[in-house]
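Undergrad: Enclosed is the structure file protein.cif (mmCIF, C-alpha atoms).
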data_target
#
loop_
_atom_site.label_atom_id
_atom_site.label_comp_id
_atom_site.auth_asym_id
_atom_site.auth_seq_id
_atom_site.Cartn_x
_atom_site.Cartn_y
_atom_site.Cartn_z
CA MET A 1 89.14 81.38 426.37
CA LYS A 2 86.59 79.14 424.83
CA HIS A 3 85.21 76.20 426.62
CA ARG A 4 85.45 72.72 425.29
CA ASN A 5 81.74 72.70 424.46
CA GLU A 6 82.07 75.80 422.30
CA VAL A 7 85.06 74.34 420.42
CA PHE A 8 83.17 71.08 419.96
CA LEU A 9 80.13 72.96 418.61
CA GLU A 10 82.27 74.95 416.20
CA SER A 11 84.04 71.86 414.88
CA SER A 12 80.74 70.04 414.48
CA GLN A 13 79.31 73.03 412.59
CA VAL A 14 82.37 73.04 410.32
CA LYS A 15 81.88 69.30 409.72
CA ASN A 16 78.23 69.89 408.83
CA VAL A 17 79.12 72.70 406.43
CA LEU A 18 81.85 70.60 404.79
CA GLU A 19 79.51 67.62 404.47
CA ALA A 20 76.82 69.80 402.87
CA PHE A 21 79.46 71.24 400.54
CA ARG A 22 80.64 67.71 399.60
CA GLU A 23 77.06 66.61 398.84
CA GLU A 24 76.51 69.66 396.65
CA LEU A 25 79.82 69.04 394.87
CA ASP A 26 78.87 65.39 394.26
CA ASP A 27 75.56 66.53 392.78
CA HIS A 28 77.44 68.88 390.45
CA ARG A 29 79.84 66.11 389.38
CA GLU A 30 76.95 63.79 388.64
CA SER A 31 75.25 66.50 386.63
CA ILE A 32 78.44 67.20 384.68
CA ASN A 33 78.85 63.48 383.89
CA GLU A 34 75.28 63.26 382.61
CA ASN A 35 75.80 66.36 380.42
CA THR A 36 79.08 64.96 379.11
CA ASN A 37 77.33 61.73 378.09
CA GLU A 38 74.62 63.72 376.31
CA ILE A 39 77.21 65.84 374.52
CA GLN A 40 79.14 62.74 373.44
CA ALA A 41 75.99 61.10 372.09
CA SER A 42 75.09 64.30 370.24
CA HIS A 43 78.60 64.55 368.82
CA GLU A 44 78.45 60.96 367.52
CA TYR A 45 75.04 61.62 365.97
CA PHE A 46 76.25 64.81 364.26
CA GLU A 47 79.40 63.06 363.03
CA ALA A 48 77.29 60.30 361.43
CA LEU A 49 74.98 62.92 359.95
CA ASN A 50 77.97 64.86 358.60
CA ASN A 51 79.32 61.71 356.90
CA LYS A 52 75.94 61.11 355.28
CA LEU A 53 75.85 64.72 354.05
CA ASP A 54 79.37 64.34 352.63
CA ASN A 55 78.31 61.22 350.72
CA LEU A 56 75.19 62.97 349.45
CA SER A 57 77.19 65.99 348.31
CA GLU A 58 79.66 63.73 346.53
CA ARG A 59 76.85 62.00 344.66
CA LEU A 60 75.23 65.34 343.80
CA ASP A 61 78.49 66.52 342.21
CA GLU A 62 78.62 63.38 340.06
CA LEU A 63 74.95 63.73 339.08
CA THR A 64 75.44 67.41 338.24
CA LEU A 65 78.14 66.48 335.75
CA LEU A 66 75.83 63.95 334.11
CA VAL A 67 72.71 66.13 334.11
CA LYS A 68 74.50 69.14 332.64
CA GLY A 69 75.64 66.90 329.81
CA LYS A 70 79.29 67.59 330.48
CA LYS A 71 80.10 63.98 329.84
CA GLU A 72 78.36 62.13 327.05
CA GLY A 73 79.89 58.69 326.72
CA LYS A 74 83.56 59.41 326.13
CA ASN A 75 82.97 62.83 324.52
CA PHE A 76 83.47 65.77 326.83
CA ASN A 77 82.02 69.24 326.35
CA PHE A 78 84.03 71.98 328.00
CA SER A 79 84.92 75.62 327.59
CA PRO A 80 88.54 76.79 327.29
CA LEU A 81 90.39 77.41 330.54
CA THR A 82 92.29 80.51 331.56
CA LYS A 83 96.04 80.30 332.12
CA ARG A 84 95.58 80.15 335.91
CA GLU A 85 92.86 77.49 335.65
CA LYS A 86 95.26 75.42 333.53
CA GLU A 87 97.90 75.78 336.25
CA VAL A 88 95.43 74.59 338.89
CA PHE A 89 94.40 71.69 336.63
CA GLN A 90 98.06 70.75 336.11
CA ALA A 91 98.73 70.79 339.84
CA LEU A 92 95.65 68.63 340.46
CA LEU A 93 96.73 66.24 337.71
CA ILE A 94 100.22 65.88 339.18
CA LEU A 95 99.01 65.51 342.77
CA CYS A 96 96.48 62.86 341.72
CA GLU A 97 99.32 60.88 340.14
CA MET A 98 100.96 60.70 343.58
CA ALA A 99 97.79 60.01 345.61
CA PRO A 100 94.18 59.15 344.80
CA TYR A 101 92.93 62.60 345.80
CA ALA A 102 94.28 66.11 346.32
CA THR A 103 93.04 68.88 348.61
CA TYR A 104 92.64 72.59 347.99
CA ARG A 105 95.51 73.17 350.42
CA GLU A 106 97.91 70.84 348.55
CA ILE A 107 97.16 72.57 345.26
CA ALA A 108 97.47 76.00 346.90
CA ARG A 109 100.87 75.16 348.36
CA ARG A 110 102.12 73.88 345.03
CA LEU A 111 101.05 77.11 343.29
CA ALA A 112 101.75 79.51 346.19
CA ILE A 113 98.18 80.84 346.25
CA THR A 114 95.37 80.69 348.82
CA ASP A 115 93.05 77.74 349.40
CA SER A 116 89.99 79.89 348.66
CA LEU A 117 91.46 80.97 345.33
CA VAL A 118 92.05 77.33 344.40
CA ALA A 119 88.46 76.52 345.39
CA GLN A 120 87.22 79.31 343.11
CA TYR A 121 89.33 78.09 340.17
CA VAL A 122 88.07 74.53 340.69
CA THR A 123 84.47 75.78 340.76
CA ASN A 124 85.11 77.73 337.54
CA MET A 125 86.57 74.63 335.88
CA ILE A 126 83.59 72.51 336.92
CA GLU A 127 81.22 75.17 335.53
CA LYS A 128 83.21 75.07 332.27
CA GLY A 129 82.62 71.33 332.04
CA ILE A 130 85.86 69.89 333.41
CA PRO A 131 84.83 66.70 335.24
CA ILE A 132 86.47 67.19 338.60
CA LEU A 133 85.05 64.93 341.27
CA LYS A 134 84.78 66.05 344.88
CA LYS A 135 84.77 63.77 347.87
CA TYR A 136 83.93 65.17 351.30
CA HIS A 137 85.34 63.73 354.51
CA GLU A 138 85.39 65.37 357.94
CA ASN A 139 84.71 68.85 356.54
CA LYS A 140 87.55 68.50 354.04
CA VAL A 141 87.20 68.44 350.27
CA PHE A 142 89.19 65.91 348.29
CA LEU A 143 89.47 66.35 344.53
CA LYS A 144 90.31 64.16 341.60
CA ILE A 145 89.88 64.33 337.86
CA GLU A 146 87.39 61.90 336.35
CA LYS A 147 89.44 58.97 335.00
CA ASP A 148 88.28 59.06 331.36
CA PHE A 149 88.93 62.80 331.13
CA ARG A 150 92.32 62.42 332.81
CA ASP A 151 93.29 59.76 330.29
CA LEU A 152 92.04 61.90 327.41
CA GLN A 153 94.07 64.88 328.65
CA LEU A 154 97.20 62.79 329.04
CA LYS A 155 96.84 61.25 325.55
CA LYS A 156 95.54 64.17 323.50
CA ASN A 157 96.16 67.27 325.63
CA VAL A 158 92.62 68.51 324.99
CA LEU A 159 93.09 71.45 327.39
CA LYS A 160 96.16 72.68 325.48
CA ILE A 161 98.37 72.50 328.56
CA ASP A 162 102.16 72.54 328.22
CA ALA A 163 102.91 69.33 326.28
CA LEU A 164 106.14 68.66 328.21
CA LEU A 165 104.29 68.46 331.49
CA SER A 166 101.50 66.28 330.07
CA ASN A 167 104.09 63.89 328.66
CA TRP A 168 106.02 63.85 331.94
CA VAL A 169 102.93 62.92 333.98
CA ARG A 170 102.09 59.87 331.86
#
Show me this structure written as structure tokens.
TA:
Amino acid sequence: MKHRNEVFLESSQVKNVLEAFREELDDHRESINENTNEIQASHEYFEALNNKLDNLSERLDELTLLVKGKKEGKNFNFSPLTKREKEVFQALLILCEMAPYATYREIARRLAITDSLVAQYVTNMIEKGIPILKKYHENKVFLKIEKDFRDLQLKKNVLKIDALLSNWVR
């Protein structure tokens, strides 16, 4: 049997170990809180930077249309679209009648194709001179057709898209 002194020593040693453990744990908590604050500040900085990059990219898209001469006053220069590009354009036109912008995903769902395929068709249309404007927000691309071109398409069907649909959208 242990004497009272031995039991007292053991319990005091356990207290000392627990106290040292608590101090170490408190140090770790404090360290974690400091790191969390740093991470939050970095996240806010990167979010602000991302928004600035989105705005810059949006402006570059608009400038690209102007520099390439795709839009001269109210006259538009563009190459003919493929059947599938016309379908993507139609979907974008319809979606932009319901909301200011459309996303790749919304167009893809409407046409039952992939988002990446829609993105490729949109890129092809832009390269062919169709003035599609892109807006970037939180790593998402929002699309709309430049207003003057949209109006021209709806009035004169310059892309030779199904006349019934163009009339319906007006």
Undergrad: Measure the distance from CA of Asp148 in chain A to CA of Gly129 in chain A in Å and round it to one decimal.
TA: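 About the pair CA of Asp148 in chain A and CA of Gly129 in chain A: they are 13.5 Å apart.
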Undergrad: For CA of Phe76 in chain A and CA of Tyr101 in chain A, determine how far apart the two atoms are, in Å to one decimal place.
TA: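 Interatomic distance here is 21.4 Å.
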Undergrad: Using Å and a single decimal, report how far CA of Thr103 in chain A sits from CA of Pro131 in chain A.
TA: 15.8 Å
Undergrad: Could you list, as a PDB file with C-alpha atoms, in the coordinates of the input, every residue within 9 Å of Lys134 in chain A, counting all atoms listed in the file and ignoring same-chain residues fewer than 4 positions away?
TA:
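The resulting part-v1.pdb:
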ATOM      1  CA  SER A  57      77.190  65.990 348.310  1.00  0.00           C
ATOM      2  CA  GLU A  58      79.660  63.730 346.530  1.00  0.00           C
ATOM      3  CA  ARG A  59      76.850  62.000 344.660  1.00  0.00           C
ATOM      4  CA  ASP A  61      78.490  66.520 342.210  1.00  0.00           C
ATOM      5  CA  GLU A  62      78.620  63.380 340.060  1.00  0.00           C
ATOM      6  CA  TYR A 101      92.930  62.600 345.800  1.00  0.00           C
ATOM      7  CA  VAL A 141      87.200  68.440 350.270  1.00  0.00           C
ATOM      8  CA  PHE A 142      89.190  65.910 348.290  1.00  0.00           C
ATOM      9  CA  LEU A 143      89.470  66.350 344.530  1.00  0.00           C
ATOM     10  CA  LYS A 144      90.310  64.160 341.600  1.00  0.00           C
ATOM     11  CA  ILE A 145      89.880  64.330 337.860  1.00  0.00           C
TER      12      ILE A 145
END
Undergrad: If you count all atoms listed in the file, which residues fall within 9 Å of Leu159 in chain A, apart from same-chain ones fewer than 3 positions away, as a list in words?
TA: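 Listing them by chain and then by number gives Pro80, Leu81, Lys86, Gln153 and Lys156 of chain A.
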